$ cat upload.cif   # mmCIF, C-alpha atoms
data_work
#
loop_
_atom_site.label_atom_id
_atom_site.label_comp_id
_atom_site.auth_asym_id
_atom_site.auth_seq_id
_atom_site.Cartn_x
_atom_site.Cartn_y
_atom_site.Cartn_z
CA MET A 1 12.16 -34.88 -17.13
CA LYS A 2 8.65 -33.89 -18.20
CA LYS A 3 7.36 -34.80 -14.76
CA GLY A 4 10.04 -32.69 -13.08
CA PHE A 5 9.31 -29.74 -15.37
CA LYS A 6 5.59 -29.87 -14.63
CA LYS A 7 6.33 -30.17 -10.90
CA ASN A 8 8.49 -27.01 -11.01
CA ILE A 9 5.83 -25.19 -13.02
CA GLY A 10 3.23 -26.28 -10.46
CA PHE A 11 5.41 -24.98 -7.61
CA LEU A 12 5.79 -21.56 -9.25
CA HIS A 13 2.11 -21.46 -10.24
CA LEU A 14 1.08 -22.13 -6.64
CA TRP A 15 3.35 -19.76 -4.75
CA LEU A 16 3.25 -16.90 -7.23
CA GLY A 17 -0.52 -17.24 -7.22
CA LEU A 18 -0.71 -17.14 -3.44
CA GLY A 19 1.71 -14.20 -3.29
CA SER A 20 -0.13 -12.07 -5.85
CA GLY A 21 -3.66 -13.32 -5.13
CA LEU A 22 -4.93 -10.28 -3.23
CA ILE A 23 -3.65 -7.82 -5.85
CA VAL A 24 -5.12 -9.93 -8.67
CA PHE A 25 -8.46 -9.99 -6.83
CA ILE A 26 -8.47 -6.19 -6.43
CA ALA A 27 -7.39 -5.61 -10.06
CA ALA A 28 -10.02 -8.02 -11.40
CA LEU A 29 -12.79 -6.54 -9.26
CA THR A 30 -12.02 -2.93 -10.18
CA GLY A 31 -11.38 -3.94 -13.79
CA SER A 32 -14.82 -5.56 -14.08
CA ILE A 33 -16.39 -2.33 -12.82
CA LEU A 34 -14.35 -0.20 -15.23
CA VAL A 35 -15.50 -2.24 -18.24
CA PHE A 36 -18.88 -0.48 -18.05
CA GLU A 37 -17.54 2.81 -16.70
CA LYS A 38 -19.27 5.02 -19.29
CA GLU A 39 -22.59 3.19 -19.08
CA ILE A 40 -22.68 3.22 -15.27
CA ASP A 41 -21.56 6.85 -14.98
CA LYS A 42 -24.15 7.98 -17.54
CA ALA A 43 -26.89 6.21 -15.58
CA ILE A 44 -25.77 7.61 -12.20
CA ASN A 45 -24.74 11.10 -13.37
CA PRO A 46 -26.76 11.94 -16.53
CA GLU A 47 -26.20 15.67 -15.97
CA TYR A 48 -22.54 15.16 -16.95
CA TYR A 49 -23.48 13.69 -20.30
CA ASN A 50 -26.79 14.94 -21.71
CA VAL A 51 -28.42 18.34 -22.12
CA THR A 52 -32.11 18.72 -21.24
CA THR A 53 -32.91 20.54 -24.48
CA ILE A 54 -31.05 20.49 -27.79
CA GLY A 55 -30.69 24.07 -29.04
CA THR A 56 -30.11 25.46 -32.51
CA THR A 57 -26.71 27.09 -32.02
CA LYS A 58 -23.88 26.47 -29.58
CA LYS A 59 -22.02 29.05 -27.53
CA THR A 60 -18.32 29.40 -28.28
CA ILE A 61 -15.93 27.38 -26.15
CA ASP A 62 -14.41 30.63 -24.86
CA TYR A 63 -17.85 31.78 -23.68
CA CYS A 64 -18.05 28.65 -21.54
CA THR A 65 -14.49 28.88 -20.21
CA ASP A 66 -15.04 32.56 -19.30
CA ILE A 67 -17.99 31.52 -17.12
CA LEU A 68 -15.78 29.06 -15.26
CA GLN A 69 -13.07 31.64 -14.76
CA LYS A 70 -15.46 34.33 -13.53
CA GLN A 71 -18.01 32.32 -11.54
CA TYR A 72 -15.91 29.39 -10.30
CA SER A 73 -12.47 31.04 -9.99
CA ILE A 74 -10.86 28.60 -12.40
CA LYS A 75 -7.33 29.82 -13.07
CA LYS A 76 -6.22 27.29 -15.65
CA ILE A 77 -8.10 25.22 -18.23
CA THR A 78 -6.40 21.83 -18.67
CA ARG A 79 -8.77 19.82 -20.90
CA ILE A 80 -11.84 20.47 -23.02
CA TYR A 81 -14.05 17.68 -24.34
CA THR A 82 -16.52 18.42 -27.14
CA TYR A 83 -18.82 15.88 -28.75
CA ASN A 84 -20.31 15.37 -32.17
CA ASP A 85 -23.60 14.16 -30.65
CA PRO A 86 -25.90 17.21 -30.34
CA ALA A 87 -27.37 15.83 -27.09
CA ARG A 88 -24.01 15.70 -25.33
CA THR A 89 -22.73 18.25 -22.87
CA MET A 90 -19.33 19.91 -23.09
CA GLN A 91 -16.92 18.72 -20.39
CA ILE A 92 -14.12 20.90 -19.10
CA LEU A 93 -11.37 20.16 -16.61
CA GLY A 94 -9.77 23.12 -14.88
CA LYS A 95 -7.71 24.06 -11.85
CA ASP A 96 -8.81 26.53 -9.22
CA ALA A 97 -6.71 28.96 -7.15
CA ASP A 98 -5.59 26.07 -4.91
CA LYS A 99 -4.45 24.13 -8.01
CA LYS A 100 -7.12 21.50 -7.40
CA ALA A 101 -8.69 19.97 -10.51
CA GLN A 102 -12.41 20.57 -10.97
CA PHE A 103 -14.59 18.72 -13.49
CA PHE A 104 -17.45 20.64 -15.15
CA SER A 105 -20.39 19.66 -17.30
CA ILE A 106 -21.69 22.55 -19.42
CA ASP A 107 -24.72 22.97 -21.67
CA PRO A 108 -23.04 24.06 -24.94
CA TYR A 109 -26.24 25.80 -26.11
CA THR A 110 -26.60 28.08 -23.07
CA GLY A 111 -23.20 28.00 -21.36
CA LYS A 112 -24.91 26.95 -18.13
CA VAL A 113 -22.89 24.80 -15.74
CA LEU A 114 -25.00 21.67 -15.21
CA ALA A 115 -22.73 19.94 -12.69
CA THR A 116 -19.31 20.19 -11.11
CA THR A 117 -17.19 18.02 -8.82
CA PRO A 118 -13.56 17.77 -7.71
CA GLN A 119 -11.83 15.50 -10.23
CA GLU A 120 -10.11 13.39 -7.58
CA SER A 121 -13.41 12.53 -5.87
CA ARG A 122 -15.17 11.21 -8.99
CA PHE A 123 -16.10 7.57 -8.40
CA PHE A 124 -14.43 6.11 -11.46
CA VAL A 125 -11.31 8.21 -11.00
CA VAL A 126 -10.95 6.58 -7.57
CA VAL A 127 -11.69 3.10 -8.96
CA LEU A 128 -9.10 3.61 -11.71
CA SER A 129 -6.52 4.74 -9.16
CA ILE A 130 -7.15 1.58 -7.14
CA HIS A 131 -6.96 -0.54 -10.28
CA ARG A 132 -3.67 0.91 -11.46
CA GLN A 133 -1.95 2.14 -8.31
CA LEU A 134 -3.83 0.84 -5.24
CA LEU A 135 -4.15 4.52 -4.22
CA MET A 136 -0.39 4.41 -3.57
CA GLY A 137 0.99 6.42 -6.47
CA ASP A 138 4.08 5.23 -8.35
CA PHE A 139 4.92 2.57 -5.75
CA GLY A 140 1.45 1.09 -6.09
CA GLU A 141 1.85 1.04 -9.87
CA ILE A 142 5.01 -1.07 -9.49
CA ILE A 143 3.06 -3.51 -7.29
CA THR A 144 0.11 -3.82 -9.68
CA GLY A 145 2.38 -3.97 -12.72
CA SER A 146 4.48 -6.74 -11.16
CA SER A 147 1.32 -8.62 -10.19
CA CYS A 148 0.07 -8.26 -13.76
CA LEU A 149 3.33 -9.77 -15.04
CA ILE A 150 3.05 -12.61 -12.52
CA PHE A 151 -0.57 -13.19 -13.53
CA ALA A 152 0.46 -13.55 -17.18
CA PHE A 153 2.93 -16.24 -16.11
CA ILE A 154 0.27 -17.92 -13.95
CA LEU A 155 -2.06 -18.07 -16.96
CA ILE A 156 0.57 -19.70 -19.17
CA SER A 157 1.71 -22.10 -16.44
CA GLY A 158 -1.94 -22.92 -15.76
CA ILE A 159 -2.34 -24.11 -19.35
CA VAL A 160 0.76 -26.28 -18.95
CA LEU A 161 -0.68 -27.84 -15.78
CA TRP A 162 -4.15 -28.21 -17.32
CA TRP A 163 -2.89 -29.97 -20.45
CA PRO A 164 -3.79 -33.69 -20.18
CA LYS A 165 -1.11 -36.36 -20.39
CA LYS A 166 -3.28 -38.33 -22.80
CA MET A 167 -5.59 -36.78 -25.40
CA LYS A 168 -8.35 -39.24 -24.49
CA ASN A 169 -8.67 -37.32 -21.19
CA LEU A 170 -9.21 -34.00 -23.00
CA LYS A 171 -13.02 -34.19 -22.84
CA GLN A 172 -12.85 -34.59 -19.08
CA ARG A 173 -10.67 -31.47 -18.78
CA LEU A 174 -13.17 -29.41 -20.82
CA THR A 175 -16.13 -29.94 -18.50
CA VAL A 176 -17.01 -29.31 -14.86
CA LYS A 177 -18.41 -32.30 -13.01
CA TRP A 178 -21.06 -30.39 -11.06
CA SER A 179 -22.37 -33.56 -9.35
CA ALA A 180 -18.99 -34.30 -7.75
CA SER A 181 -17.72 -33.21 -4.35
CA PHE A 182 -17.07 -29.55 -3.57
CA LYS A 183 -13.33 -30.17 -3.77
CA ARG A 184 -13.64 -31.64 -7.28
CA VAL A 185 -16.05 -28.92 -8.48
CA ASN A 186 -13.73 -26.23 -7.16
CA TRP A 187 -10.75 -27.76 -9.00
CA ASP A 188 -12.75 -28.20 -12.22
CA PHE A 189 -14.09 -24.65 -12.01
CA HIS A 190 -10.59 -23.24 -11.49
CA SER A 191 -8.92 -25.19 -14.27
CA THR A 192 -11.68 -25.62 -16.86
CA PHE A 193 -12.90 -22.04 -16.95
CA GLY A 194 -9.28 -20.97 -16.65
CA PHE A 195 -8.70 -22.73 -19.97
CA TYR A 196 -11.76 -21.14 -21.64
CA SER A 197 -10.84 -17.63 -20.49
CA PHE A 198 -7.08 -18.02 -21.03
CA PHE A 199 -6.72 -16.07 -24.27
CA ILE A 200 -8.87 -13.09 -23.20
CA LEU A 201 -7.24 -12.86 -19.78
CA LEU A 202 -3.78 -13.05 -21.33
CA LEU A 203 -4.67 -10.18 -23.69
CA ILE A 204 -5.95 -8.11 -20.76
CA SER A 205 -2.77 -8.86 -18.79
CA LEU A 206 -0.38 -8.03 -21.62
CA THR A 207 -2.16 -4.78 -22.48
CA GLY A 208 -2.09 -3.94 -18.76
CA LEU A 209 1.69 -4.28 -18.81
CA SER A 210 1.87 -1.47 -21.39
CA PHE A 211 0.32 0.89 -18.85
CA ALA A 212 2.69 -0.18 -16.09
CA PHE A 213 6.10 -0.62 -17.72
CA SER A 214 7.85 1.47 -20.36
CA TRP A 215 10.14 -1.48 -21.24
CA PHE A 216 7.12 -3.54 -22.29
CA GLN A 217 5.83 -0.70 -24.46
CA ASP A 218 9.32 -0.35 -25.97
CA GLY A 219 9.16 -4.03 -26.86
CA VAL A 220 5.85 -3.54 -28.64
CA TYR A 221 7.31 -0.68 -30.67
CA PHE A 222 10.37 -2.75 -31.52
CA LEU A 223 8.25 -5.62 -32.80
CA ALA A 224 5.98 -3.26 -34.78
CA ASP A 225 8.45 -0.65 -36.06
CA GLY A 226 11.88 -2.28 -35.67
CA THR A 227 12.95 0.38 -33.18
CA THR A 228 12.25 1.27 -29.57
CA LYS A 229 12.38 4.97 -30.42
CA LYS A 230 8.81 6.21 -30.27
CA PRO A 231 7.55 9.26 -32.18
CA SER A 232 7.19 12.06 -29.64
CA ALA A 233 3.62 12.71 -28.53
CA LYS A 234 4.66 16.26 -27.63
CA VAL A 235 5.70 19.21 -29.78
CA GLU A 236 7.70 22.08 -28.32
CA ASN A 237 5.93 25.41 -28.36
CA PRO A 238 7.59 27.79 -30.87
CA THR A 239 6.58 30.96 -28.99
CA LYS A 240 8.63 31.11 -25.80
CA THR A 241 6.93 34.02 -24.04
CA ASP A 242 3.32 35.14 -23.89
CA PRO A 243 2.86 38.10 -26.31
CA LYS A 244 -0.40 39.00 -24.48
CA LEU A 245 -2.48 39.01 -27.65
CA ASN A 246 -6.12 39.97 -27.37
CA HIS A 247 -7.83 36.64 -28.10
CA THR A 248 -11.61 36.75 -27.97
CA ALA A 249 -11.99 33.20 -29.34
CA PHE A 250 -8.78 31.41 -28.41
CA TYR A 251 -10.13 27.90 -27.83
CA GLN A 252 -12.81 28.22 -30.47
CA SER A 253 -10.28 29.14 -33.14
CA ILE A 254 -8.19 26.08 -32.22
CA TYR A 255 -11.31 23.92 -32.38
CA ASN A 256 -12.39 25.33 -35.74
CA THR A 257 -8.95 24.88 -37.27
CA ALA A 258 -8.61 21.27 -36.04
CA ASP A 259 -12.11 20.50 -37.26
CA SER A 260 -11.25 21.79 -40.74
CA ILE A 261 -7.84 20.07 -40.88
CA PHE A 262 -9.50 16.68 -40.36
CA PRO A 263 -12.75 16.90 -42.38
CA TYR A 264 -14.69 14.01 -40.84
CA LYS A 265 -17.20 13.71 -38.01
CA GLY A 266 -15.68 13.14 -34.62
CA ASN A 267 -15.33 14.21 -31.01
CA ILE A 268 -12.61 16.75 -30.34
CA GLN A 269 -10.45 16.97 -27.24
CA ILE A 270 -8.20 19.93 -26.45
CA ARG A 271 -5.32 19.24 -24.06
CA MET A 272 -3.35 22.08 -22.58
CA PRO A 273 0.32 21.28 -21.78
CA ILE A 274 1.12 20.55 -18.14
CA ASP A 275 4.57 22.11 -18.50
CA THR A 276 5.97 25.41 -19.78
CA ILE A 277 7.71 23.91 -22.82
CA ASN A 278 5.20 22.06 -24.97
CA SER A 279 2.29 23.10 -27.15
CA ILE A 280 -1.45 22.39 -27.11
CA LEU A 281 -2.49 18.94 -28.32
CA VAL A 282 -5.84 18.48 -30.07
CA LEU A 283 -7.22 15.02 -30.77
CA LYS A 284 -10.07 14.37 -33.20
CA GLU A 285 -11.55 10.89 -33.00
CA TYR A 286 -13.10 9.04 -35.91
CA SER A 287 -16.70 8.70 -34.70
CA GLU A 288 -17.69 6.46 -37.60
CA LYS A 289 -14.85 3.96 -37.10
CA THR A 290 -15.91 0.63 -35.62
CA ILE A 291 -12.79 0.45 -33.44
CA PRO A 292 -12.50 3.23 -30.82
CA ASN A 293 -9.50 5.39 -29.91
CA GLN A 294 -8.47 6.11 -33.49
CA SER A 295 -7.69 9.82 -33.40
CA SER A 296 -5.73 12.25 -35.52
CA ALA A 297 -3.57 14.81 -33.73
CA ALA A 298 -2.84 18.50 -34.27
CA TYR A 299 -0.60 20.86 -32.32
CA PHE A 300 -1.19 24.53 -31.64
CA ASP A 301 0.79 27.40 -30.15
CA LYS A 302 -0.39 27.86 -26.57
CA TYR A 303 0.06 31.64 -26.83
CA THR A 304 -1.03 32.52 -30.36
CA ALA A 305 -3.41 29.59 -31.15
CA LYS A 306 -1.68 29.12 -34.51
CA GLU A 307 -1.36 25.65 -36.01
CA ILE A 308 2.10 24.09 -35.62
CA GLU A 309 1.73 20.58 -36.97
CA ALA A 310 -0.94 18.10 -38.06
CA ARG A 311 -0.61 14.32 -37.78
CA PRO A 312 -3.43 12.33 -39.43
CA TYR A 313 -4.07 8.93 -37.90
CA GLU A 314 -3.08 7.30 -41.21
CA SER A 315 0.47 8.69 -40.83
CA PHE A 316 1.05 7.05 -37.43
CA SER A 317 3.57 4.23 -37.20
CA ASN A 318 2.43 0.65 -36.64
CA GLY A 319 3.66 0.91 -33.06
CA ASP A 320 1.54 4.00 -32.46
CA LYS A 321 -1.52 2.34 -33.95
CA ILE A 322 -1.04 -0.73 -31.75
CA ARG A 323 -0.61 1.52 -28.71
CA ARG A 324 -3.91 3.20 -29.56
CA LEU A 325 -5.55 -0.24 -29.56
CA ASN A 326 -4.15 -0.97 -26.11
CA TYR A 327 -6.95 0.75 -24.16
CA PRO A 328 -9.95 -0.66 -26.09
CA VAL A 329 -8.46 -4.17 -25.99
CA HIS A 330 -7.70 -3.89 -22.26
CA THR A 331 -11.20 -2.64 -21.39
CA GLY A 332 -13.04 -4.84 -23.89
CA SER A 333 -14.52 -1.85 -25.72
CA ILE A 334 -12.81 -2.70 -29.02
CA TYR A 335 -15.99 -4.05 -30.66
CA GLY A 336 -18.60 -2.46 -28.44
CA LEU A 337 -21.07 -4.24 -26.20
CA PRO A 338 -20.29 -7.88 -27.19
CA THR A 339 -16.59 -7.62 -26.31
CA LYS A 340 -17.41 -5.59 -23.19
CA ILE A 341 -19.64 -8.38 -21.93
CA ILE A 342 -16.86 -10.91 -22.59
CA ALA A 343 -14.29 -8.73 -20.77
CA PHE A 344 -16.70 -8.27 -17.85
CA LEU A 345 -17.38 -12.00 -17.48
CA VAL A 346 -13.73 -13.07 -17.69
CA SER A 347 -12.78 -10.31 -15.21
CA LEU A 348 -15.38 -11.64 -12.77
CA PHE A 349 -13.97 -15.13 -13.27
CA ALA A 350 -10.42 -13.81 -12.74
CA LEU A 351 -11.31 -12.54 -9.28
CA THR A 352 -12.41 -16.08 -8.32
CA LEU A 353 -9.04 -17.59 -9.32
CA PRO A 354 -7.14 -16.53 -6.16
CA ILE A 355 -10.02 -17.88 -4.03
CA THR A 356 -10.42 -21.23 -5.79
CA GLY A 357 -6.63 -21.55 -6.02
CA LEU A 358 -6.33 -20.96 -2.26
CA LEU A 359 -8.99 -23.60 -1.59
CA ILE A 360 -7.12 -26.10 -3.79
CA TRP A 361 -3.92 -25.45 -1.82
CA LEU A 362 -5.69 -25.74 1.56
CA GLY A 363 -7.28 -29.01 0.43
CA LYS A 364 -3.89 -30.47 -0.52
CA LYS A 365 -2.40 -29.26 2.74
CA LYS A 366 -5.18 -30.91 4.71
CA LYS A 367 -4.69 -34.15 2.77
CA GLN A 368 -0.95 -34.13 3.44
CA LYS A 369 -1.57 -33.46 7.13
CA SER A 370 -4.03 -36.35 7.44
CA LYS A 371 -1.50 -38.72 5.79
CA SER A 372 1.17 -37.77 8.28
#

$ encode --input "upload.cif" --output "C-alpha cells"
Amino acid sequence: MKKGFKKNIGFLHLWLGLGSGLIVFIAALTGSILVFEKEIDKAINPEYYNVTTIGTTKKTIDYCTDILQKQYSIKKITRIYTYNDPARTMQILGKDADKKAQFFSIDPYTGKVLATTPQESRFFVVVLSIHRQLLMGDFGEIITGSSCLIFAFILISGIVLWWPKKMKNLKQRLTVKWSASFKRVNWDFHSTFGFYSFFILLLISLTGLSFAFSWFQDGVYFLADGTTKKPSAKVENPTKTDPKLNHTAFYQSIYNTADSIFPYKGNIQIRMPIDTINSILVLKEYSEKTIPNQSSAAYFDKYTAKEIEARPYESFSNGDKIRRLNYPVHTGSIYGLPTKIIAFLVSLFALTLPITGLLIWLGKKKKQKSKS
C-alpha cells in the first residue's frame, strides 16, 4: 500500500512538474530579481530616491502637485509617497490628459522634478507584471496562481518521495555526491537541496497564493479571525458632490492631520480613490519597527480633506495583521538583508528545479528505452 501511494505521488510529482515547469521557471527568475528590487532600482535610478542637497525646509505637497499639473499636464494625482528620511525624494504618481500614469521624482526642498517616466514602462513594474500575470492580465494571473498551487503540492510530494525508507539512509539523502556521475549529481542536487529549501519555498508559494486567489485569503482570515468576512479597506466618502472649496493646501493638510493622528516617525503614503464612491486612504508606516509593512490607516474626505476615520495598526484584526505580513514574507524582506539573501538563493534554486526534474525524467526515459 505504501509502495502504491508513493508511486502515485511520484506520478503526480512528475507530470505536474513537467506541466508547470516553464511557469515555475519564469516565476522563480522574476521573483529572484524582485527580492532586491529597491536596492537595484536605487543603484540604477538614484534620481528617483535621493536629493542632491538636503535643504532646511520642505515645500508643501500642494506646491509640488501644482508644478506637475501646470508643467506636465497632470490631470489627476493618484498616489503621493513621502519619506521620513531627509535625503529621500518625494514620489508622485499621476495621470495625464490621455489617462496614462506618469511616475515623478521631486526634490521636496525645491519642488524641482528630478525624473519622470511612464509608470507602465518602469523596469520593475514590467518584471512584477511578468511575475504575477505573465503580461496577460487576469488570465495570466490564473495561470501563475494555479502554477503556484501546483508548485506547493510538488514541494510537499517531493518531501514524501525524498523521505528514506530506512533512517540509516538519511545521511545519504542529506548530501550531494559530487564525485558521482552527472545523472547522480543531478538527482542529488534536485532532491537534497529541495529538502533544504522546502520550508522557505513553501512559505513563498503559500504567500503567493494570497495574491492570486481570494478564496485562499478568505481561508487565512477564517483561521485567524474565525470568519471570512474581512474588514473593509475602503471607506465611503461622506460628501457626495464637490463643493468646490478653495483649498490652498489640500494634500498638505491631509498629511499634517495624519502625521498628528499617529505620533510616531514613519513614511506616509496618500492614496486617492480610483472610483467615485470611496474616500482618500492615508497609510503611515512604523519606520522604527523591525518588521516592514506595519502601517496605520486614516481616511479623509476627497472633497473637503476632513478626517473621516482613523485605524491604528494595533486595532487591526489578526487576519489583517497576517495579510500585512504576506508581502515581506513573500519577498524575503521581513527581517532585512539576511532573509532577502535567503529568499534570493532559494528562488535561484527553484528555477533549477524544472530543469533538473526534466533531466531526471529524460534519463529514466532513456533507461526504459534501452531496456526495451

$ resolve_selection --input "upload.cif" --expression "the PyMOL selection byres ((chain A and resi 218-223) around 10)" --output "list of chain:residue names"
A:Ser210, A:Phe213, A:Ser214, A:Trp215, A:Phe216, A:Gln217, A:Ala224, A:Asp225, A:Gly226, A:Thr227, A:Thr228, A:Lys229, A:Lys230, A:Ser317, A:Asn318, A:Gly319, A:Asp320, A:Lys321, A:Ile322, A:Arg323

$ residues_around --input "upload.cif" --residues "Arg173 of chain A" --least-positions-apart "6" --cutoff "10 Å" --atoms "all atoms listed in the file" --output "list of chain:residue names"
A:Trp162, A:Trp163, A:Pro164, A:Met167, A:Asp188, A:Ser191, A:Thr192, A:Phe193, A:Phe195

$ residues_around --input "upload.cif" --residues "segment 296-304 of chain A" --least-positions-apart "5" --cutoff "10 Å" --atoms "only C-alpha atoms" --output "PyMOL selection string"
chain A and resi 233-247+250-251+254+257-259+261-262+268-273+276-286+309-316

$ residues_near_point --input "upload.cif" --point "(-15.3, 9.2, -17.9)" --cutoff "12 Å" --atoms "only C-alpha atoms" --output "VMD selection string"
chain A and resid 34 to 42 45 to 46 48 to 49 81 91 to 93 103 to 105 119 122 to 128

$ residues_around --input "upload.cif" --residues "Thr53 of chain A" --least-positions-apart "3" --cutoff "10 Å" --atoms "only C-alpha atoms" --output "MDAnalysis selection string"
chainID A and resid 50 56 86:87 107 109:110

$ atom_distance --input "upload.cif" --atom1 "atom CA of Gly10 of chain A" --atom2 "atom CA of Leu161 of chain A"
6.8 Å

$ resolve_selection --input "upload.cif" --expression "the PyMOL selection byres ((chain A and resi 64) around 10)" --output "PyMOL selection string"
chain A and resi 59-63+65-69+90+92+106-113

$ write_last_selection --input "upload.cif" --atoms "C-alpha atoms" --output "tab-separated table (two decimals), in the frame of the given file"
chain	number	residue	atom	x	y	z
A	59	LYS	CA	-22.02	29.05	-27.53
A	60	THR	CA	-18.32	29.40	-28.28
A	61	ILE	CA	-15.93	27.38	-26.15
A	62	ASP	CA	-14.41	30.63	-24.86
A	63	TYR	CA	-17.85	31.78	-23.68
A	65	THR	CA	-14.49	28.88	-20.21
A	66	ASP	CA	-15.04	32.56	-19.30
A	67	ILE	CA	-17.99	31.52	-17.12
A	68	LEU	CA	-15.78	29.06	-15.26
A	69	GLN	CA	-13.07	31.64	-14.76
A	90	MET	CA	-19.33	19.91	-23.09
A	92	ILE	CA	-14.12	20.90	-19.10
A	106	ILE	CA	-21.69	22.55	-19.42
A	107	ASP	CA	-24.72	22.97	-21.67
A	108	PRO	CA	-23.04	24.06	-24.94
A	109	TYR	CA	-26.24	25.80	-26.11
A	110	THR	CA	-26.60	28.08	-23.07
A	111	GLY	CA	-23.20	28.00	-21.36
A	112	LYS	CA	-24.91	26.95	-18.13
A	113	VAL	CA	-22.89	24.80	-15.74

$ atom_distance --input "upload.cif" --atom1 "atom CA of Asp96 of chain A" --atom2 "atom CA of Ser73 of chain A"
5.9 Å

$ closest_residue --input "upload.cif" --among "A:Ile44, A:Ile23, A:Ile308, A:Ile74" --to "Phe151 of chain A" --atoms "only C-alpha atoms"
A:Ile23

$ resolve_selection --input "upload.cif" --expression "the PyMOL selection byres ((chain A and resi 148) around 9)" --output "PyMOL selection string"
chain A and resi 20+23-24+27+143-147+149-153+205-206+208-209+212

$ atom_distance --input "upload.cif" --atom1 "atom CA of Ser347 of chain A" --atom2 "atom CA of Leu201 of chain A"
7.6 Å

$ closest_residue --input "upload.cif" --among "A:Ile33, A:Lys95, A:Gln252, A:His131" --to "Lys58 of chain A" --atoms "all atoms listed in the file"
A:Gln252

$ closest_residue --input "upload.cif" --among "A:Glu288, A:Val176, A:Lys306, A:Lys166" --to "Asn256 of chain A" --atoms "only C-alpha atoms"
A:Lys306

$ residues_around --input "upload.cif" --residues "Ile200 of chain A" --least-positions-apart "4" --cutoff "12 Å" --atoms "all atoms listed in the file" --output "PyMOL selection string"
chain A and resi 152+155+193-196+204-207+329-332+339-347+349-350

$ residues_around --input "upload.cif" --residues "Arg324 of chain A" --least-positions-apart "6" --cutoff "9 Å" --atoms "only C-alpha atoms" --output "PDB file with C-alpha atoms, keeping the file's coordinate frame"
ATOM      1  CA  PRO A 292     -12.500   3.230 -30.820  1.00  0.00           C
ATOM      2  CA  ASN A 293      -9.500   5.390 -29.910  1.00  0.00           C
ATOM      3  CA  GLN A 294      -8.470   6.110 -33.490  1.00  0.00           C
ATOM      4  CA  SER A 295      -7.690   9.820 -33.400  1.00  0.00           C
TER       5      SER A 295
END

$ decode --input "upload.cif" --residues "segment 323-335 of chain A" --atoms "N, CA, C and O atoms" --output "mmCIF file, in the first residue's frame"
data_model
loop_
_atom_site.group_PDB
_atom_site.id
_atom_site.type_symbol
_atom_site.label_atom_id
_atom_site.label_comp_id
_atom_site.auth_asym_id
_atom_site.auth_seq_id
_atom_site.Cartn_x
_atom_site.Cartn_y
_atom_site.Cartn_z
ATOM 1 N N ARG A 323 -2.171 39.400 6.895
ATOM 2 C CA ARG A 323 -2.160 39.841 5.493
ATOM 3 C C ARG A 323 -1.062 40.871 5.243
ATOM 4 O O ARG A 323 -0.439 40.884 4.187
ATOM 5 N N ARG A 324 -0.834 41.732 6.228
ATOM 6 C CA ARG A 324 0.231 42.729 6.095
ATOM 7 C C ARG A 324 1.620 42.082 6.074
ATOM 8 O O ARG A 324 2.556 42.646 5.529
ATOM 9 N N LEU A 325 1.722 40.901 6.698
ATOM 10 C CA LEU A 325 2.995 40.181 6.702
ATOM 11 C C LEU A 325 3.221 39.434 5.392
ATOM 12 O O LEU A 325 4.341 38.990 5.108
ATOM 13 N N ASN A 326 2.159 39.286 4.608
ATOM 14 C CA ASN A 326 2.221 38.476 3.398
ATOM 15 C C ASN A 326 3.320 38.943 2.448
ATOM 16 O O ASN A 326 4.125 38.141 1.965
ATOM 17 N N TYR A 327 3.372 40.251 2.185
ATOM 18 C CA TYR A 327 4.355 40.788 1.228
ATOM 19 C C TYR A 327 5.793 40.638 1.730
ATOM 20 O O TYR A 327 6.652 40.127 0.991
ATOM 21 N N PRO A 328 6.118 41.070 2.964
ATOM 22 C CA PRO A 328 7.504 40.899 3.416
ATOM 23 C C PRO A 328 7.949 39.447 3.533
ATOM 24 O O PRO A 328 9.119 39.151 3.312
ATOM 25 N N VAL A 329 7.031 38.536 3.843
ATOM 26 C CA VAL A 329 7.394 37.112 3.880
ATOM 27 C C VAL A 329 7.640 36.613 2.454
ATOM 28 O O VAL A 329 8.629 35.918 2.178
ATOM 29 N N HIS A 330 6.765 36.981 1.539
ATOM 30 C CA HIS A 330 6.868 36.526 0.146
ATOM 31 C C HIS A 330 8.151 37.017 -0.514
ATOM 32 O O HIS A 330 8.784 36.276 -1.278
ATOM 33 N N THR A 331 8.542 38.249 -0.233
ATOM 34 C CA THR A 331 9.733 38.831 -0.867
ATOM 35 C C THR A 331 11.011 38.604 -0.067
ATOM 36 O O THR A 331 12.102 38.914 -0.544
ATOM 37 N N GLY A 332 10.870 38.094 1.165
ATOM 38 C CA GLY A 332 12.052 37.869 1.995
ATOM 39 C C GLY A 332 12.536 39.101 2.731
ATOM 40 O O GLY A 332 13.590 39.078 3.364
ATOM 41 N N SER A 333 11.773 40.186 2.687
ATOM 42 C CA SER A 333 12.209 41.438 3.321
ATOM 43 C C SER A 333 11.819 41.522 4.796
ATOM 44 O O SER A 333 12.077 42.531 5.450
ATOM 45 N N ILE A 334 11.239 40.461 5.342
ATOM 46 C CA ILE A 334 10.674 40.518 6.689
ATOM 47 C C ILE A 334 11.719 40.860 7.758
ATOM 48 O O ILE A 334 11.432 41.572 8.705
ATOM 49 N N TYR A 335 12.946 40.364 7.607
ATOM 50 C CA TYR A 335 13.998 40.698 8.577
ATOM 51 C C TYR A 335 15.209 41.322 7.887
ATOM 52 O O TYR A 335 16.350 41.134 8.319
#
